[in-house]
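Chemist: target.tsv is reproduced below (TSV, C-alpha atoms).
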```tsv
chain	number	residue	atom	x	y	z
A	1	GLY	CA	12.81	9.33	7.74
A	2	LEU	CA	14.66	7.04	5.33
A	3	PHE	CA	13.75	9.35	2.45
A	4	ILE	CA	15.15	12.41	4.26
A	5	ILE	CA	18.36	10.54	5.19
A	6	ALA	CA	18.87	9.41	1.57
A	7	LEU	CA	18.23	12.92	0.24
A	8	CYS	CA	20.69	14.49	2.69
A	9	LEU	CA	23.38	11.82	2.18
A	10	ILE	CA	23.34	12.07	-1.61
A	11	GLY	CA	22.40	15.74	-1.91
A	12	GLY	CA	24.46	17.05	1.00
A	13	ARG	CA	23.62	20.62	1.95
A	14	ARG	CA	21.37	21.02	-1.08
A	15	GLY	CA	19.58	17.81	-0.10
A	16	LEU	CA	18.77	19.38	3.27
A	17	LYS	CA	17.45	22.48	1.48
A	18	SER	CA	15.34	20.21	-0.73
A	19	VAL	CA	13.80	18.69	2.41
A	20	MET	CA	12.96	22.21	3.61
A	21	GLY	CA	11.33	22.92	0.23
A	22	ILE	CA	9.25	19.72	0.43
A	23	VAL	CA	8.12	20.54	3.99
A	24	PHE	CA	7.19	24.06	2.88
A	25	THR	CA	5.15	22.76	-0.08
A	26	ILE	CA	3.26	20.16	1.98
A	27	THR	CA	2.57	22.71	4.74
A	28	SER	CA	1.32	25.28	2.22
A	29	VAL	CA	-1.05	22.78	0.59
A	30	ILE	CA	-2.49	21.51	3.89
A	31	PHE	CA	-2.73	24.75	5.86
A	32	ILE	CA	-3.18	27.42	3.16
A	33	PHE	CA	-4.30	26.08	-0.24
A	34	VAL	CA	-6.97	23.56	0.83
A	35	PRO	CA	-8.52	25.79	3.57
A	36	LEU	CA	-8.71	28.72	1.12
A	37	ILE	CA	-10.63	26.65	-1.43
A	38	TYR	CA	-12.81	25.03	1.24
A	39	ASN	CA	-13.87	28.43	2.56
A	40	GLY	CA	-14.91	29.85	-0.80
A	41	PHE	CA	-11.78	31.44	-2.27
A	42	SER	CA	-11.64	30.99	-6.06
A	43	PRO	CA	-9.76	27.72	-6.86
A	44	ILE	CA	-8.47	29.32	-10.09
A	45	SER	CA	-6.91	32.27	-8.23
A	46	ALA	CA	-5.75	30.04	-5.36
A	47	SER	CA	-4.00	27.56	-7.67
A	48	LEU	CA	-2.18	30.29	-9.63
A	49	LEU	CA	-1.10	32.10	-6.45
A	50	MET	CA	-0.07	28.81	-4.85
A	51	ALA	CA	1.91	27.82	-7.95
A	52	ILE	CA	3.87	31.10	-8.14
A	53	PHE	CA	4.40	31.28	-4.36
A	54	THR	CA	5.62	27.66	-4.19
A	55	VAL	CA	7.94	28.14	-7.17
A	56	CYS	CA	9.57	31.23	-5.64
A	57	ILE	CA	10.20	29.72	-2.20
A	58	THR	CA	11.17	26.21	-3.41
A	59	LEU	CA	13.66	27.37	-6.04
A	60	VAL	CA	15.26	29.96	-3.74
A	61	LEU	CA	15.60	27.33	-1.01
A	62	THR	CA	17.14	24.72	-3.31
A	63	THR	CA	19.37	26.87	-5.55
A	64	GLY	CA	19.84	30.11	-3.57
A	65	PHE	CA	19.69	33.75	-4.70
A	66	GLU	CA	21.23	33.35	-8.14
A	67	ILE	CA	20.39	34.65	-11.61
A	68	LYS	CA	19.47	31.12	-12.75
A	69	THR	CA	16.95	30.94	-9.89
A	70	PHE	CA	15.16	34.11	-10.95
A	71	SER	CA	15.27	33.00	-14.59
A	72	ALA	CA	13.65	29.69	-13.63
A	73	ILE	CA	11.04	31.45	-11.46
A	74	LEU	CA	10.04	33.76	-14.33
A	75	GLY	CA	9.98	30.90	-16.85
A	76	THR	CA	7.87	28.68	-14.60
A	77	SER	CA	5.44	31.45	-13.60
A	78	ILE	CA	4.77	32.59	-17.17
A	79	GLY	CA	4.64	28.95	-18.35
A	80	VAL	CA	1.96	28.20	-15.75
A	81	VAL	CA	-0.03	31.27	-16.85
A	82	PHE	CA	0.15	30.05	-20.49
A	83	SER	CA	-1.02	26.62	-19.32
A	84	ALA	CA	-3.91	28.25	-17.44
A	85	LEU	CA	-5.05	30.10	-20.57
A	86	ILE	CA	-4.89	26.90	-22.65
A	87	LEU	CA	-6.78	25.03	-19.93
A	88	LEU	CA	-9.56	27.65	-19.96
A	89	ILE	CA	-9.85	27.20	-23.75
A	90	PHE	CA	-10.05	23.40	-23.33
A	91	GLU	CA	-12.71	23.76	-20.64
A	92	HIS	CA	-14.74	26.05	-22.90
A	93	LEU	CA	-14.46	23.69	-25.91
A	94	THR	CA	-15.28	20.53	-23.97
A	95	SER	CA	-17.73	22.01	-21.40
A	96	LEU	CA	-15.87	20.11	-18.67
A	97	SER	CA	-15.46	21.46	-15.13
A	98	GLY	CA	-15.35	20.32	-11.52
A	99	TYR	CA	-18.94	19.16	-11.97
A	100	ASN	CA	-17.62	16.29	-14.13
A	101	MET	CA	-15.12	15.00	-11.56
A	102	PRO	CA	-15.72	11.58	-9.94
A	103	GLU	CA	-16.28	12.99	-6.40
A	104	TYR	CA	-18.93	15.44	-7.64
A	105	ASP	CA	-21.76	14.26	-5.32
A	106	SER	CA	-19.67	14.49	-2.15
A	107	LEU	CA	-18.25	17.87	-3.16
A	108	MET	CA	-21.71	19.29	-3.89
A	109	ALA	CA	-22.87	18.14	-0.45
A	110	LEU	CA	-19.90	19.99	1.06
A	111	SER	CA	-20.53	23.13	-0.97
A	112	SER	CA	-24.06	23.41	0.44
A	113	HIS	CA	-22.70	24.45	3.86
A	114	THR	CA	-19.28	25.86	2.87
A	115	GLY	CA	-18.10	28.31	0.25
A	116	LEU	CA	-16.57	25.56	-1.91
A	117	ARG	CA	-16.71	26.39	-5.64
A	118	VAL	CA	-16.90	22.97	-7.23
A	119	ASP	CA	-16.96	24.18	-10.84
A	120	GLU	CA	-13.38	25.55	-10.63
A	121	LEU	CA	-11.79	22.55	-8.89
A	122	LEU	CA	-10.78	20.80	-12.12
A	123	PHE	CA	-8.72	23.84	-13.14
A	124	ALA	CA	-6.94	23.97	-9.77
A	125	ALA	CA	-6.19	20.23	-9.80
A	126	ILE	CA	-4.58	20.35	-13.25
A	127	ILE	CA	-2.44	23.43	-12.52
A	128	ILE	CA	-1.08	22.00	-9.26
A	129	SER	CA	-0.46	18.50	-10.68
A	130	SER	CA	1.66	19.81	-13.58
A	131	LEU	CA	3.64	22.37	-11.52
A	132	GLY	CA	6.42	19.97	-10.50
A	133	ALA	CA	7.33	19.04	-14.08
A	134	VAL	CA	7.26	22.69	-15.21
A	135	MET	CA	9.49	23.79	-12.31
A	136	ASP	CA	11.87	20.91	-13.03
A	137	ILE	CA	12.39	21.80	-16.69
A	138	ALA	CA	12.77	25.52	-15.90
A	139	ILE	CA	15.58	25.09	-13.38
A	140	SER	CA	17.27	22.41	-15.54
A	141	VAL	CA	17.46	24.72	-18.57
A	142	ALA	CA	18.49	27.73	-16.47
A	143	SER	CA	21.23	25.74	-14.68
A	144	SER	CA	22.55	24.33	-17.97
A	145	VAL	CA	22.78	27.75	-19.59
A	146	GLN	CA	24.55	29.19	-16.54
A	147	GLU	CA	27.10	26.35	-16.53
A	148	ILE	CA	27.78	26.96	-20.23
A	149	TYR	CA	28.26	30.68	-19.58
A	150	VAL	CA	30.61	30.06	-16.63
A	151	SER	CA	32.72	27.79	-18.86
A	152	ASN	CA	32.86	30.32	-21.70
A	153	GLN	CA	31.90	33.92	-20.94
A	154	ASN	CA	32.62	35.01	-24.51
A	155	LEU	CA	29.36	33.44	-25.69
A	156	THR	CA	26.66	35.89	-26.81
A	157	SER	CA	23.09	35.92	-25.51
A	158	LYS	CA	21.91	34.48	-28.82
A	159	MET	CA	24.34	31.56	-28.56
A	160	LEU	CA	23.36	30.90	-24.95
A	161	PHE	CA	19.67	31.00	-25.85
A	162	LYS	CA	20.27	28.49	-28.65
A	163	SER	CA	22.09	26.18	-26.22
A	164	GLY	CA	19.22	26.47	-23.74
A	165	ILE	CA	16.69	25.63	-26.45
A	166	ASN	CA	18.71	22.55	-27.46
A	167	VAL	CA	18.82	21.34	-23.86
A	168	GLY	CA	15.09	22.07	-23.47
A	169	ARG	CA	14.19	20.21	-26.66
A	170	ASP	CA	15.92	17.09	-25.36
A	171	MET	CA	13.94	17.36	-22.14
A	172	MET	CA	10.55	18.20	-23.69
A	173	GLY	CA	9.81	14.71	-24.95
A	174	THR	CA	10.73	12.96	-21.72
A	175	MET	CA	8.99	15.53	-19.50
A	176	THR	CA	5.71	15.48	-21.44
A	177	ASN	CA	5.93	11.68	-21.41
A	178	THR	CA	6.40	11.86	-17.64
A	179	LEU	CA	3.16	13.83	-17.28
A	180	ILE	CA	1.20	11.49	-19.54
A	181	LEU	CA	2.56	8.39	-17.76
A	182	ALA	CA	1.83	9.93	-14.35
A	183	PHE	CA	-1.79	10.56	-15.29
A	184	THR	CA	-1.98	7.05	-16.79
A	185	GLY	CA	-0.71	5.57	-13.53
A	186	THR	CA	-3.37	7.35	-11.47
A	187	SER	CA	-6.09	6.09	-13.85
A	188	LEU	CA	-4.81	2.52	-14.28
A	189	ASN	CA	-7.74	0.83	-12.53
A	190	MET	CA	-10.21	2.78	-14.65
A	191	LEU	CA	-8.32	1.93	-17.88
A	192	ILE	CA	-8.39	-1.79	-17.05
A	193	LEU	CA	-12.15	-1.64	-16.41
A	194	ILE	CA	-12.74	0.21	-19.70
A	195	TYR	CA	-10.68	-2.40	-21.56
A	196	SER	CA	-12.64	-5.24	-19.95
A	197	TYR	CA	-15.95	-3.70	-21.10
A	198	ASN	CA	-14.68	-3.70	-24.72
A	199	MET	CA	-15.94	-0.14	-25.29
A	200	ASN	CA	-15.45	1.44	-28.72
A	201	TYR	CA	-12.94	4.31	-29.04
A	202	TYR	CA	-15.54	6.96	-29.80
A	203	GLN	CA	-17.35	6.16	-26.55
A	204	ILE	CA	-14.09	6.10	-24.57
A	205	PHE	CA	-12.83	9.49	-25.76
A	206	ASN	CA	-16.23	11.09	-25.15
A	207	SER	CA	-16.45	9.93	-21.54
A	208	ASN	CA	-15.88	12.69	-18.99
A	209	THR	CA	-13.25	10.78	-17.01
A	210	ILE	CA	-11.04	10.04	-20.03
A	211	ALA	CA	-11.50	13.56	-21.43
A	212	ILE	CA	-10.37	15.07	-18.10
A	213	GLU	CA	-7.23	12.89	-18.10
A	214	ILE	CA	-6.43	13.93	-21.70
A	215	ILE	CA	-6.88	17.62	-20.85
A	216	GLN	CA	-4.67	17.20	-17.76
A	217	ALA	CA	-1.87	15.65	-19.81
A	218	LEU	CA	-2.13	18.20	-22.64
A	219	SER	CA	-2.31	21.30	-20.43
A	220	GLY	CA	0.71	20.20	-18.41
A	221	SER	CA	2.61	19.38	-21.61
A	222	PHE	CA	1.82	22.81	-23.10
A	223	ALA	CA	3.19	24.40	-19.91
A	224	VAL	CA	6.42	22.40	-20.27
A	225	ILE	CA	6.79	23.35	-23.94
A	226	PHE	CA	6.27	27.10	-23.35
A	227	THR	CA	8.54	27.15	-20.30
A	228	VAL	CA	11.63	26.08	-22.31
A	229	PRO	CA	11.99	29.26	-24.43
A	230	LEU	CA	10.66	31.47	-21.64
```
Now that the file is in, can you turn its structure into structure tokens?

Modeler:
Amino acid sequence: GLFIIALCLIGGRRGLKSVMGIVFTITSVIFIFVPLIYNGFSPISASLLMAIFTVCITLVLTTGFEIKTFSAILGTSIGVVFSALILLIFEHLTSLSGYNMPEYDSLMALSSHTGLRVDELLFAAIIISSLGAVMDIAISVASSVQEIYVSNQNLTSKMLFKSGINVGRDMMGTMTNTLILAFTGTSLNMLILIYSYNMNYYQIFNSNTIAIEIIQALSGSFAVIFTVPL
């Protein structure tokens, strides 16, 4: 309640729309995304559909039917697809999948009497976890370019694109850092345990848990990088 009040007080009408976007996202995850995966729908397809669907509704709710909104939707959607392709390459090179996740035993027990496809869960988790950062950078660049154009409509497309790239470059470093720090925060207990065991670096980087965290951070960062020019 306090969070909603703060968002509406500071954000005004757009804050209220942001609340609607958050409610929509949470509802979609709980009542559509998770049940689909649980009942045997491909987690890869479900995560990509969920990502694009969430992006469309959330951005339209928060920014309205404007050209910057559709630009951000296209940039985010194609950026997520690029990230998915890179993630598939990483999975092939490292042989990692949902079978390497910490909750593997419990998930396999579930899959024996449901349609759950455990092997694809890692892919879905990474796509969904990086979506927020990708959407954020897309709408930030699109909004910046639109504001520049409104201020000076004599600017050419090339000049506007260059301005957008400059804004995006400033954001790339902080946004990729945000992803890496977020994944670090979720793995803090594990990192402390690894440090206490005094494991050598070769052993650390070849452990499944650490490798999954690295792939998560890199795939999300690639999505952010590609989204800027898109």

Chemist: Mind checking which residues fall within 8 Å of A:Ala223, counting only C-alpha atoms, ignoring those fewer than 2 positions away in the same chain, and posting them as a VMD selection string?

Modeler: chain A and resid 79 to 80 82 to 83 130 134 219 to 221 225 to 227

Chemist: Hey, can you check how far atom CA of A:Ile4 sits from atom CA of A:Ser47?

Modeler: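 Between these atoms lies a distance of 27.2 Å.
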
Chemist: From the set A:Leu191, A:Leu131, A:Val228, A:Ala217, which residue has the shortest atom-to-atom contact distance to A:Lys162, counting all atoms listed in the file?

Modeler: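 Of A:Leu191, A:Leu131, A:Val228, A:Ala217, the one nearest A:Lys162 is A:Val228, counting all atoms listed in the file.
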
Chemist: Given the choices A:Ile148, A:Ile26, A:Ile57, A:Thr62, which gets closest to A:Arg14 if the distance is worked out from only C-alpha atoms?

Modeler: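 When distances to A:Arg14 are compared using only C-alpha atoms, the smallest one comes from A:Thr62.
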
Chemist: Which residue, A:Phe222, A:Gly12, A:Leu122, A:Ile128, has the smallest gap to A:Phe53 when you use all atoms listed in the file?

Modeler: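 The closest residue to A:Phe53 is A:Ile128.
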
Chemist: Using all atoms listed in the file for the distances, tell me which of A:Phe70, A:Tyr104, A:Phe205, A:Phe3 is nearest to A:Leu116.

Modeler: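 Of all the options, A:Tyr104 lies closest to A:Leu116.
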
Chemist: Name the closest residue to A:Ile214 among the candidates A:Leu16, A:Phe183, A:Ile137, A:Met50; distances are taken between atoms, counting only C-alpha atoms.

Modeler: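 Residue with the minimum atom-to-atom distance to A:Ile214: A:Phe183.
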
Chemist: Just to confirm, what's the straight-line distance from atom CA of A:Glu103 to atom CA of A:Glu120 in Å (one decimal)?

Modeler: 13.6 Å

Chemist: Restricting the calculation to only C-alpha atoms, which member of A:Asn206, A:Ser77, A:Thr156, A:Ser42 is positioned closest to A:Gly115?

Modeler: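 Checking each of A:Asn206, A:Ser77, A:Thr156, A:Ser42 against A:Gly115, counting only C-alpha atoms, the winner is A:Ser42.
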
Chemist: Would you work out the distance separating atom CA of A:Gly64 from atom CA of A:Gln146, expressed in Å to one decimal?

Modeler: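 These two atoms are separated by 13.8 Å.
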
Chemist: Show which residues sit within 12 Å of A:Val23, as a ChimeraX atom specification. Count only C-alpha atoms, and ignore same-chain residues fewer than 6 positions away.

Modeler: /A:4,16-17,29-31,54,57-58,61

Chemist: Write out as a PyMOL selection string the residues lying within 12 Å of A:Asn100, counting all atoms listed in the file and excluding same-chain residues fewer than 6 positions away.

Modeler: chain A and resi 91+94+107-108+118-123+207-213
